[in-house]
$ cat input_29.csv   # CSV, C-alpha atoms and all ligand atoms
chain,number,residue,atom,x,y,z
A,10,MET,CA,79.2,116.3,133.4
A,11,LYS,CA,82.5,114.6,134.4
A,12,LEU,CA,83.2,111.2,135.9
A,13,ARG,CA,85.0,112.2,139.1
A,14,ASP,CA,85.7,109.7,141.8
A,15,THR,CA,85.9,110.4,145.6
A,16,HIS,CA,89.7,110.6,145.3
A,17,ASN,CA,89.4,113.5,142.8
A,18,ARG,CA,90.5,111.5,139.8
A,19,ILE,CA,88.5,111.9,136.5
A,20,ALA,CA,87.8,108.9,134.3
A,21,ARG,CA,88.4,110.0,130.7
A,22,TYR,CA,89.7,106.8,129.2
A,23,LEU,CA,87.5,103.8,128.5
A,24,ARG,CA,89.0,100.4,127.6
A,25,ILE,CA,86.5,98.2,125.7
A,26,GLY,CA,87.0,94.5,125.7
A,27,VAL,CA,85.3,93.4,122.5
A,28,THR,CA,85.7,89.7,122.9
A,29,ASP,CA,87.2,87.2,125.4
A,30,ARG,CA,88.4,85.0,122.5
A,31,CYS,CA,91.9,84.9,121.2
A,32,ASN,CA,93.9,83.0,118.6
A,33,LEU,CA,97.0,82.9,120.9
A,34,ARG,CA,97.4,81.3,124.3
A,35,CYS,CA,100.0,83.4,126.0
A,36,ARG,CA,101.1,81.5,129.1
A,37,TYR,CA,100.7,84.5,131.5
A,38,CYS,CA,97.2,85.2,130.2
A,39,MET,CA,95.3,82.0,129.3
A,40,PRO,CA,95.6,78.3,130.0
A,41,ALA,CA,96.5,76.1,127.0
A,42,GLU,CA,93.0,74.6,126.8
A,43,GLY,CA,89.7,74.2,128.6
A,44,ILE,CA,88.6,77.8,128.5
A,45,ASP,CA,85.0,78.6,129.0
A,46,PHE,CA,84.4,81.4,126.5
A,47,ALA,CA,81.3,83.7,126.7
A,48,HIS,CA,78.4,82.7,124.5
A,49,ARG,CA,77.8,85.1,121.6
A,50,ASP,CA,74.4,86.2,123.0
A,51,ASP,CA,76.0,87.2,126.3
A,52,ILE,CA,78.4,89.7,124.9
A,53,LEU,CA,77.6,93.3,123.8
A,54,SER,CA,76.6,93.7,120.2
A,55,TYR,CA,78.2,96.5,118.2
A,56,GLU,CA,75.0,98.5,118.4
A,57,GLU,CA,75.0,98.2,122.2
A,58,ILE,CA,78.7,99.2,122.4
A,59,ILE,CA,78.0,102.3,120.3
A,60,ARG,CA,75.0,103.3,122.4
A,61,LEU,CA,77.1,103.0,125.5
A,62,ALA,CA,80.1,104.7,123.9
A,63,LYS,CA,78.0,107.8,123.2
A,64,LEU,CA,76.8,107.9,126.8
A,65,PHE,CA,80.4,107.7,128.0
A,66,SER,CA,81.4,110.4,125.6
A,67,ASP,CA,78.7,112.7,127.0
A,68,LEU,CA,80.2,112.0,130.4
A,69,GLY,CA,83.6,113.3,129.4
A,70,VAL,CA,85.3,110.2,128.1
A,71,ASP,CA,87.5,111.2,125.2
A,72,LYS,CA,89.7,108.2,124.6
A,73,VAL,CA,88.8,104.6,124.0
A,74,ARG,CA,90.9,101.5,123.5
A,75,LEU,CA,89.7,98.3,121.9
A,76,THR,CA,91.2,95.3,123.6
A,77,GLY,CA,90.2,91.7,124.4
A,78,GLY,CA,90.9,88.8,124.0
A,79,GLU,CA,92.1,89.7,120.5
A,80,PRO,CA,90.0,92.5,119.0
A,81,PHE,CA,90.7,91.4,115.4
A,82,VAL,CA,89.2,88.0,116.2
A,83,ARG,CA,85.8,89.6,116.3
A,84,LYS,CA,83.9,89.6,113.0
A,85,ASP,CA,83.5,92.9,111.2
A,86,ILE,CA,85.6,94.8,113.7
A,87,ASP,CA,86.1,97.5,111.0
A,88,VAL,CA,82.4,98.5,111.4
A,89,LEU,CA,82.9,99.1,115.1
A,90,LEU,CA,86.2,101.0,114.5
A,91,ARG,CA,84.6,103.3,112.0
A,92,SER,CA,81.7,104.1,114.3
A,93,LEU,CA,83.9,104.7,117.4
A,94,SER,CA,86.1,107.0,115.4
A,95,ASP,CA,83.0,109.2,114.8
A,96,VAL,CA,82.4,109.4,118.5
A,97,PHE,CA,85.8,109.8,120.1
A,98,ALA,CA,88.8,112.0,119.2
A,99,LYS,CA,91.2,109.2,120.3
A,100,VAL,CA,90.7,105.6,119.3
A,101,HIS,CA,93.4,103.1,120.2
A,102,ILE,CA,93.8,99.4,119.9
A,103,THR,CA,95.8,96.8,121.8
A,104,THR,CA,96.5,93.7,119.6
A,105,ASN,CA,98.7,90.7,119.2
A,106,ALA,CA,99.1,91.8,115.5
A,107,THR,CA,98.6,88.4,114.0
A,108,LEU,CA,95.4,89.2,112.1
A,109,PHE,CA,95.4,92.7,110.8
A,110,SER,CA,97.5,92.5,107.6
A,111,ASP,CA,94.2,93.4,105.8
A,112,HIS,CA,93.3,96.2,108.1
A,113,ILE,CA,96.3,98.5,107.8
A,114,ASN,CA,94.6,100.7,105.2
A,115,LEU,CA,91.5,101.1,107.5
A,116,LEU,CA,93.7,102.1,110.4
A,117,LYS,CA,95.3,104.8,108.2
A,118,GLU,CA,92.0,105.9,106.9
A,119,ILE,CA,90.4,106.4,110.4
A,120,GLU,CA,93.7,107.9,111.6
A,121,ILE,CA,94.0,105.6,114.5
A,122,SER,CA,95.5,107.4,117.5
A,123,GLY,CA,97.6,104.5,118.6
A,124,LEU,CA,98.3,100.8,118.2
A,125,ASN,CA,99.9,98.9,121.1
A,126,ILE,CA,101.3,95.6,119.8
A,127,SER,CA,102.1,92.8,122.2
A,128,ILE,CA,105.3,90.9,121.4
A,129,ASP,CA,107.1,89.2,124.3
A,130,SER,CA,110.1,87.9,122.4
A,131,LEU,CA,112.3,88.7,119.4
A,132,ASP,CA,113.2,85.1,119.1
A,133,ARG,CA,110.9,82.8,117.2
A,134,ASP,CA,111.2,79.7,119.5
A,135,ARG,CA,110.8,81.7,122.7
A,136,PHE,CA,107.8,83.6,121.1
A,137,PHE,CA,106.3,80.1,120.4
A,138,MET,CA,107.0,79.0,124.0
A,139,ILE,CA,105.3,82.0,125.5
A,140,THR,CA,102.3,82.3,123.1
A,141,ARG,CA,101.9,78.6,122.3
A,142,ARG,CA,101.6,79.6,118.6
A,143,ASP,CA,104.2,79.9,115.9
A,144,SER,CA,103.2,83.4,114.9
A,145,TYR,CA,106.4,85.4,115.3
A,146,ALA,CA,107.0,86.0,111.6
A,147,ILE,CA,103.6,87.5,110.9
A,148,VAL,CA,103.7,89.7,114.1
A,149,MET,CA,107.1,91.1,113.2
A,150,LYS,CA,106.0,91.7,109.6
A,151,ASN,CA,103.0,93.6,110.8
A,152,ILE,CA,105.0,95.6,113.3
A,153,LEU,CA,107.4,96.7,110.6
A,154,ASP,CA,104.5,97.5,108.2
A,155,CYS,CA,102.8,99.7,110.8
A,156,ILE,CA,106.0,101.6,111.4
A,157,LYS,CA,106.6,102.0,107.7
A,158,ASN,CA,103.0,103.2,107.2
A,159,GLY,CA,103.4,105.9,109.9
A,160,ILE,CA,100.8,104.3,112.2
A,161,PRO,CA,101.6,105.4,115.8
A,162,THR,CA,102.8,102.2,117.3
A,163,LYS,CA,104.1,101.1,120.6
A,164,LEU,CA,105.3,97.6,121.7
A,165,ASN,CA,104.1,95.9,124.8
A,166,ILE,CA,106.3,93.3,126.5
A,167,VAL,CA,105.2,91.3,129.5
A,168,VAL,CA,108.4,90.7,131.4
A,169,MET,CA,108.9,87.3,133.0
A,170,LYS,CA,112.0,86.6,135.0
A,171,GLY,CA,113.9,83.6,133.6
A,172,VAL,CA,111.6,83.5,130.6
A,173,ASN,CA,112.3,86.7,128.6
A,174,ASP,CA,114.0,89.2,130.9
A,175,MET,CA,117.3,88.4,129.1
A,176,GLU,CA,115.7,90.2,126.1
A,177,ILE,CA,115.0,93.5,127.8
A,178,ILE,CA,118.1,95.2,126.4
A,179,ASP,CA,117.5,93.7,122.9
A,180,PHE,CA,114.0,95.2,123.0
A,181,VAL,CA,115.3,98.6,124.0
A,182,ARG,CA,117.8,98.4,121.1
A,183,PHE,CA,115.0,97.4,118.7
A,184,GLY,CA,113.0,100.4,119.9
A,185,ILE,CA,116.0,102.7,119.2
A,186,GLU,CA,116.7,101.1,115.8
A,187,HIS,CA,113.0,101.5,114.6
A,188,ASN,CA,112.2,104.6,116.5
A,189,VAL,CA,109.3,103.0,118.4
A,190,GLU,CA,108.4,103.1,122.1
A,191,VAL,CA,108.8,99.9,123.9
A,192,ARG,CA,106.8,99.3,127.2
A,193,PHE,CA,107.7,96.7,129.7
A,194,ILE,CA,104.8,95.4,131.7
A,195,GLU,CA,105.0,93.7,135.1
A,196,ALA,CA,103.4,90.2,134.9
A,197,MET,CA,100.3,90.3,137.1
A,198,PRO,CA,99.5,87.2,139.0
A,199,PHE,CA,95.7,86.7,138.8
A,200,ASN,CA,95.2,83.4,140.5
A,201,ASP,CA,97.4,81.6,143.0
A,202,ASP,CA,98.3,79.0,140.4
A,203,ASP,CA,98.7,80.9,137.2
A,204,GLY,CA,102.5,80.9,137.5
A,205,ASN,CA,102.9,84.6,137.2
A,206,ARG,CA,104.0,85.0,140.8
A,207,ASP,CA,107.1,82.8,140.2
A,208,VAL,CA,108.3,85.0,137.2
A,209,TYR,CA,107.3,88.4,138.6
A,210,MET,CA,110.0,91.1,138.0
A,211,PRO,CA,109.2,94.5,139.6
A,212,ALA,CA,109.3,97.7,137.6
A,213,THR,CA,112.3,99.0,139.7
A,214,GLU,CA,114.4,96.0,138.7
A,215,ILE,CA,113.5,96.4,135.0
A,216,ALA,CA,114.6,100.0,135.2
A,217,GLU,CA,117.8,99.1,136.9
A,218,MET,CA,118.6,96.6,134.2
A,219,ILE,CA,118.1,99.2,131.5
A,220,ALA,CA,120.1,101.8,133.3
A,221,GLY,CA,123.0,99.3,133.6
A,222,GLU,CA,123.2,99.2,129.9
A,223,PHE,CA,122.1,102.8,129.1
A,224,PRO,CA,123.4,105.1,131.8
A,225,SER,CA,121.7,108.1,130.2
A,226,LEU,CA,118.3,106.6,131.3
A,227,GLN,CA,116.3,109.4,132.8
A,228,LYS,CA,112.9,109.1,134.5
A,229,LEU,CA,110.4,111.7,133.3
A,230,VAL,CA,107.7,113.4,135.4
A,231,ALA,CA,104.5,111.2,135.5
A,232,ASP,CA,102.2,112.3,132.8
A,233,GLY,CA,99.0,110.6,134.0
A,234,SER,CA,99.4,107.6,131.7
A,235,SER,CA,99.6,104.0,132.9
A,236,SER,CA,103.4,103.8,132.4
A,237,GLU,CA,106.4,105.3,134.0
A,238,LYS,CA,108.2,107.0,131.2
A,239,TYR,CA,112.0,107.2,130.7
A,240,THR,CA,114.2,108.6,128.0
A,241,ILE,CA,117.6,107.4,126.7
A,242,ASN,CA,119.9,110.1,125.5
A,243,GLY,CA,117.0,112.5,125.9
A,244,LYS,CA,115.4,111.0,122.8
A,245,GLN,CA,114.2,107.4,122.9
A,246,THR,CA,111.2,106.8,125.1
A,247,VAL,CA,110.9,103.6,127.1
A,248,GLY,CA,107.8,102.8,129.3
A,249,ILE,CA,107.5,100.6,132.3
A,250,ILE,CA,104.0,99.6,133.4
A,251,PRO,CA,103.8,98.8,137.1
A,252,ALA,CA,100.7,96.7,136.7
A,253,TYR,CA,101.4,94.8,139.9
A,254,SER,CA,103.3,97.2,142.0
A,255,ARG,CA,100.7,99.8,141.3
A,256,SER,CA,102.7,102.9,141.8
A,257,LEU,CA,100.5,105.0,139.5
A,258,CYS,CA,97.0,104.4,140.9
A,259,SER,CA,96.8,108.0,142.2
A,260,SER,CA,96.5,109.3,138.7
A,261,CYS,CA,94.4,106.6,137.1
A,262,ASP,CA,91.9,107.9,134.6
A,263,ARG,CA,90.8,104.4,133.3
A,264,ILE,CA,87.6,102.5,133.4
A,265,ARG,CA,86.8,99.2,131.7
A,266,LEU,CA,83.9,97.7,129.8
A,267,THR,CA,84.1,93.9,129.6
A,268,PRO,CA,82.8,91.9,126.6
A,269,GLN,CA,79.9,90.9,128.8
A,270,GLY,CA,79.1,94.5,129.4
A,271,GLU,CA,80.3,94.8,133.0
A,272,LEU,CA,81.7,98.2,133.9
A,273,LEU,CA,84.8,97.7,136.0
A,274,ASN,CA,86.3,100.8,137.7
A,275,CYS,CA,89.7,99.1,138.4
A,276,LEU,CA,91.9,96.5,136.7
A,277,TYR,CA,91.7,94.6,140.0
A,278,ALA,CA,87.9,94.9,140.5
A,279,GLN,CA,86.3,91.5,140.6
A,280,THR,CA,82.8,92.8,140.0
A,281,GLY,CA,81.3,95.9,138.5
A,282,THR,CA,78.0,97.3,137.1
A,283,ASN,CA,76.1,95.2,134.6
A,284,LEU,CA,75.5,97.6,131.7
A,285,LEU,CA,74.5,94.8,129.4
A,286,ALA,CA,71.4,94.1,131.4
A,287,MET,CA,70.6,97.8,131.4
A,288,VAL,CA,70.9,98.3,127.6
A,289,ARG,CA,68.7,95.2,127.0
A,290,ASP,CA,65.9,96.4,129.4
A,291,GLU,CA,63.5,98.7,127.5
A,292,LYS,CA,62.4,100.3,130.7
A,293,VAL,CA,66.0,101.6,131.3
A,294,SER,CA,66.7,105.0,129.8
A,295,ASP,CA,70.0,106.6,128.7
A,296,SER,CA,70.0,108.8,131.8
A,297,ASP,CA,69.5,105.7,134.0
A,298,ILE,CA,72.6,104.2,132.4
A,299,GLN,CA,74.6,107.4,132.8
A,300,GLN,CA,73.6,107.5,136.5
A,301,ALA,CA,74.8,103.9,136.9
A,302,ILE,CA,78.1,104.8,135.3
A,303,VAL,CA,78.5,107.9,137.5
A,304,ASP,CA,77.8,105.7,140.6
A,305,SER,CA,80.2,103.1,139.5
A,306,VAL,CA,83.1,105.6,139.2
A,307,LEU,CA,82.2,107.1,142.6
A,308,LEU,CA,82.9,103.6,144.1
A,309,LYS,CA,86.4,103.5,142.7
A,310,LYS,CA,88.9,102.6,145.4
A,311,LYS,CA,92.0,104.6,146.1
A,312,SER,CA,94.3,101.9,144.7
A,313,GLY,CA,94.3,98.5,143.1
A,314,LEU,CA,95.9,97.1,146.3
A,315,GLU,CA,92.6,97.8,148.1
A,316,GLU,CA,90.6,96.0,145.3
A,317,GLU,CA,93.0,93.1,145.3
A,318,ALA,CA,92.4,92.5,149.0
A,319,LEU,CA,88.8,91.7,148.1
A,320,ILE,CA,89.6,89.2,145.3
A,321,ASP,CA,88.8,85.5,145.7
A,322,LYS,CA,92.2,84.2,144.8
A,323,ASN,CA,90.8,80.8,143.9
A,324,ALA,CA,88.4,82.1,141.3
A,325,PHE,CA,89.7,81.7,137.7
A,326,ARG,CA,90.4,85.1,136.1
A,327,SER,CA,92.1,86.0,133.0
A,328,MET,CA,93.1,89.3,131.4
A,329,THR,CA,91.1,88.3,128.3
A,330,THR,CA,87.9,89.0,130.3
A,331,ILE,CA,89.2,92.3,131.6
A,332,GLY,CA,91.2,93.6,128.6
A,333,GLY,CA,94.5,94.5,130.3
A,401,LIG,N1,95.2,90.3,122.6
A,401,LIG,C1,95.7,91.6,122.7
A,401,LIG,C2,97.1,91.6,123.1
A,401,LIG,O1,97.7,90.6,123.5
A,401,LIG,O2,97.7,92.7,122.9
A,401,LIG,C3,94.8,92.5,123.6
A,401,LIG,C4,94.4,91.9,124.9
A,401,LIG,S1,95.7,91.5,126.1
A,401,LIG,C5,94.7,90.9,127.5
A,401,LIG,C6,96.1,93.2,126.7
A,401,LIG,C7,97.4,93.3,127.3
A,401,LIG,O3,97.4,92.7,128.5
A,401,LIG,C8,98.6,92.8,126.5
A,401,LIG,O4,99.6,93.7,126.4
A,401,LIG,C9,99.0,91.6,127.3
A,401,LIG,O5,100.4,91.3,127.1
A,401,LIG,C10,98.7,92.0,128.7
A,401,LIG,N2,98.5,91.0,129.7
A,401,LIG,C11,97.7,89.8,129.6
A,401,LIG,N3,97.8,89.1,130.7
A,401,LIG,C12,98.7,89.8,131.6
A,401,LIG,C13,99.2,89.5,132.9
A,401,LIG,N4,98.8,88.5,133.6
A,401,LIG,N5,100.0,90.4,133.4
A,401,LIG,C14,100.4,91.6,132.7
A,401,LIG,N6,99.9,91.8,131.5
A,401,LIG,C15,99.1,91.0,130.9
A,402,LIG,FE1,95.6,86.5,123.5
A,402,LIG,FE2,96.5,88.9,124.2
A,402,LIG,FE3,95.9,87.1,126.1
A,402,LIG,FE4,98.0,86.7,124.5
A,402,LIG,S1,97.8,88.4,125.9
A,402,LIG,S2,96.4,85.2,125.0
A,402,LIG,S3,97.3,87.6,122.6
A,402,LIG,S4,94.5,88.1,124.8
$ encode --input "input_29.csv" --output "structure tokens"
Amino acid sequence: MKLRDTHNRIARYLRIGVTDRCNLRCRYCMPAEGIDFAHRDDILSYEEIIRLAKLFSDLGVDKVRLTGGEPFVRKDIDVLLRSLSDVFAKVHITTNATLFSDHINLLKEIEISGLNISIDSLDRDRFFMITRRDSYAIVMKNILDCIKNGIPTKLNIVVMKGVNDMEIIDFVRFGIEHNVEVRFIEAMPFNDDDGNRDVYMPATEIAEMIAGEFPSLQKLVADGSSSEKYTINGKQTVGIIPAYSRSLCSSCDRIRLTPQGELLNCLYAQTGTNLLAMVRDEKVSDSDIQQAIVDSVLLKKKSGLEEEALIDKNAFRSMTTIGG
């Protein structure tokens, strides 16, 4: 059985938010303080995640990504990673790379399919200003260690006009020097007052800036992933993720499971299907849960623009509860 929506897209890729907690406080993602984190009892246990993962796998999902919050903040994440790598051919992680110095061997052992590391500045002071933590040195060390160890690594940079857009070219050069794909993400405004609207830089402008420095920049045919792909000199790949301009919704194959067990069929969906309640109800069978998943995917809207129109702009939302 496949998870096909009414716009003929098939959901094959599940992003699992394993926690809403994080050790950084990136300014585009979280406020500096006063965050109301989910209680431990209200988030999916590893056993519950594995049970759901197997049900998704039976429905044709073949790729998962652990995200958060910061996945490596959650205790014994190794246990979950090992179990998921038994279920799925492709296991990926998105991480801020501050906490996994001790996990590099495990990532090699389970042959992790990909690691996306978030780093928004190559300058220690600016990194601190953006993340509100002085973690640049450990993040850079871990990036270089991953590359050295042959772990398939990409770098994620949230671009903010006037904050770090002056580093776009430096990041491209870093990618060329270390043979690593860099991906520039449009900053998504979630709430009217989160400040992201003021610094928003569209994907088209990011591409123009790179082309100005690297005239050989060539756009590749869309491959169904979340990023627009470009090459420089036919070799170096650069990605641009139109998270806010949403030019790639027509090929979206992603669904999201939040730490609280809510299945969201779109990054912009404000509500979803409560799978946590279902896995904790003895009367609910695996096939009931699978039917709820199928129904949720069927409700997926044509684009994130349609979902956004329904959002309560005053309600506080953060990517830590959705997983990016
Ligand atoms: N803590 C991990 C990290 O930072 O990589 C994983 C979770 S984070 C929410 C996942 C991705 O979402 C990161 O690449 C982060 O930069 C991105 N992100 C967070 N808030 C965002 C926003 N408002 N707009 C665009 N990207 C955002
Ligand atoms: Fe934490 Fe990632 Fe959000 Fe930064 S982007 S605060 S590292 S969850």
$ axis_aligned_box --input "input_29.csv" --around "ligand LIG 401 (chain A)" --padding-each-side "6 Å" --output "AutoDock Vina command-line options"
--center_x 97.4 --center_y 91.1 --center_z 128.1 --size_x 18.0 --size_y 17.2 --size_z 23.0
$ closest_residue --input "input_29.csv" --among "A:His48, A:Lys63, A:Lys117, A:Lys238" --to "A:Ala212" --atoms "only C-alpha atoms"
A:Lys238
$ closest_residue --input "input_29.csv" --among "A:Val70, A:Ile331, A:Leu284, A:Leu276" --to "A:Leu12" --atoms "only C-alpha atoms"
A:Val70
$ closest_residue --input "input_29.csv" --among "A:Glu271, A:Asp14, A:Glu186, A:Asp132" --to "A:Ile52" --atoms "all atoms listed in the file"
A:Glu271
$ closest_residue --input "input_29.csv" --among "A:Ile250, A:Ala196, A:Ile113, A:Ile59" --to "ligand LIG 402 (chain A)" --atoms "all atoms listed in the file"
A:Ala196
$ closest_atom_pairs --input "input_29.csv" --of "chain A" --to "ligand LIG 401 (chain A)" --cutoff "9 Å" --atoms "only C-alpha atoms and all ligand atoms" --output "Markdown table"
| residue | atom | partner | partner_atom | distance |
| --- | --- | --- | --- | --- |
| A:Gly26 | CA | A:LIG401 | C4 | 7.9 |
| A:Asp29 | CA | A:LIG401 | C4 | 8.6 |
| A:Arg30 | CA | A:LIG401 | N1 | 8.6 |
| A:Cys31 | CA | A:LIG401 | N1 | 6.5 |
| A:Asn32 | CA | A:LIG401 | N1 | 8.4 |
| A:Leu33 | CA | A:LIG401 | N1 | 7.8 |
| A:Cys35 | CA | A:LIG401 | C11 | 7.7 |
| A:Arg36 | CA | A:LIG401 | N3 | 8.4 |
| A:Tyr37 | CA | A:LIG401 | N4 | 4.9 |
| A:Cys38 | CA | A:LIG401 | N3 | 4.0 |
| A:Met39 | CA | A:LIG401 | N3 | 7.7 |
| A:Leu75 | CA | A:LIG401 | C3 | 7.9 |
| A:Thr76 | CA | A:LIG401 | C3 | 4.6 |
| A:Gly77 | CA | A:LIG401 | C4 | 4.2 |
| A:Gly78 | CA | A:LIG401 | C4 | 4.8 |
| A:Glu79 | CA | A:LIG401 | N1 | 3.8 |
| A:Pro80 | CA | A:LIG401 | C3 | 6.6 |
| A:Phe81 | CA | A:LIG401 | N1 | 8.6 |
| A:Ile102 | CA | A:LIG401 | C3 | 7.9 |
| A:Thr103 | CA | A:LIG401 | O2 | 4.7 |
| A:Thr104 | CA | A:LIG401 | O2 | 3.7 |
| A:Asn105 | CA | A:LIG401 | C2 | 4.3 |
| A:Ala106 | CA | A:LIG401 | O2 | 7.6 |
| A:Asn125 | CA | A:LIG401 | O2 | 6.8 |
| A:Ile126 | CA | A:LIG401 | O2 | 5.6 |
| A:Ser127 | CA | A:LIG401 | O2 | 4.5 |
| A:Ile128 | CA | A:LIG401 | O5 | 7.5 |
| A:Asp129 | CA | A:LIG401 | O5 | 7.6 |
| A:Leu164 | CA | A:LIG401 | O4 | 8.4 |
| A:Asn165 | CA | A:LIG401 | O4 | 5.3 |
| A:Ile166 | CA | A:LIG401 | O5 | 6.3 |
| A:Val167 | CA | A:LIG401 | O5 | 5.4 |
| A:Val168 | CA | A:LIG401 | C14 | 8.2 |
| A:Ile194 | CA | A:LIG401 | C14 | 5.9 |
| A:Glu195 | CA | A:LIG401 | C14 | 5.6 |
| A:Ala196 | CA | A:LIG401 | N5 | 3.7 |
| A:Met197 | CA | A:LIG401 | N5 | 3.7 |
| A:Pro198 | CA | A:LIG401 | N4 | 5.6 |
| A:Phe199 | CA | A:LIG401 | N4 | 6.3 |
| A:Asp203 | CA | A:LIG401 | N4 | 8.4 |
| A:Asn205 | CA | A:LIG401 | N4 | 6.7 |
| A:Ile250 | CA | A:LIG401 | C14 | 8.8 |
| A:Ala252 | CA | A:LIG401 | C14 | 6.5 |
| A:Tyr253 | CA | A:LIG401 | C14 | 7.9 |
| A:Ser327 | CA | A:LIG401 | N3 | 6.9 |
| A:Met328 | CA | A:LIG401 | C5 | 4.5 |
| A:Thr329 | CA | A:LIG401 | C5 | 4.5 |
| A:Thr330 | CA | A:LIG401 | C5 | 7.6 |
| A:Ile331 | CA | A:LIG401 | C5 | 7.0 |
| A:Gly332 | CA | A:LIG401 | C5 | 4.6 |
| A:Gly333 | CA | A:LIG401 | O3 | 3.9 |
$ residues_around --input "input_29.csv" --residues "A:Ile298" --least-positions-apart "6" --cutoff "12 Å" --atoms "only C-alpha atoms" --output "list in words"
Arg60, Leu61, Ala62, Lys63, Leu64, Phe65, Asp67, Leu68, Leu272, Thr282, Asn283, Leu284, Leu285, Ala286, Met287, Val288, Arg289, Asp290, Glu291, Lys292, Asp304 and Ser305 of chain A
$ write_last_selection --input "input_29.csv" --atoms "C-alpha atoms" --output "PDB file, in the frame of the given file"
ATOM      1  CA  ARG A  60      75.000 103.300 122.400  1.00  0.00           C
ATOM      2  CA  LEU A  61      77.100 103.000 125.500  1.00  0.00           C
ATOM      3  CA  ALA A  62      80.100 104.700 123.900  1.00  0.00           C
ATOM      4  CA  LYS A  63      78.000 107.800 123.200  1.00  0.00           C
ATOM      5  CA  LEU A  64      76.800 107.900 126.800  1.00  0.00           C
ATOM      6  CA  PHE A  65      80.400 107.700 128.000  1.00  0.00           C
ATOM      7  CA  ASP A  67      78.700 112.700 127.000  1.00  0.00           C
ATOM      8  CA  LEU A  68      80.200 112.000 130.400  1.00  0.00           C
ATOM      9  CA  LEU A 272      81.700  98.200 133.900  1.00  0.00           C
ATOM     10  CA  THR A 282      78.000  97.300 137.100  1.00  0.00           C
ATOM     11  CA  ASN A 283      76.100  95.200 134.600  1.00  0.00           C
ATOM     12  CA  LEU A 284      75.500  97.600 131.700  1.00  0.00           C
ATOM     13  CA  LEU A 285      74.500  94.800 129.400  1.00  0.00           C
ATOM     14  CA  ALA A 286      71.400  94.100 131.400  1.00  0.00           C
ATOM     15  CA  MET A 287      70.600  97.800 131.400  1.00  0.00           C
ATOM     16  CA  VAL A 288      70.900  98.300 127.600  1.00  0.00           C
ATOM     17  CA  ARG A 289      68.700  95.200 127.000  1.00  0.00           C
ATOM     18  CA  ASP A 290      65.900  96.400 129.400  1.00  0.00           C
ATOM     19  CA  GLU A 291      63.500  98.700 127.500  1.00  0.00           C
ATOM     20  CA  LYS A 292      62.400 100.300 130.700  1.00  0.00           C
ATOM     21  CA  ASP A 304      77.800 105.700 140.600  1.00  0.00           C
ATOM     22  CA  SER A 305      80.200 103.100 139.500  1.00  0.00           C
TER      23      SER A 305
END
$ closest_residue --input "input_29.csv" --among "A:Lys163, A:Arg135, A:Arg24, A:Lys311" --to "A:Gly270" --atoms "all atoms listed in the file"
A:Arg24
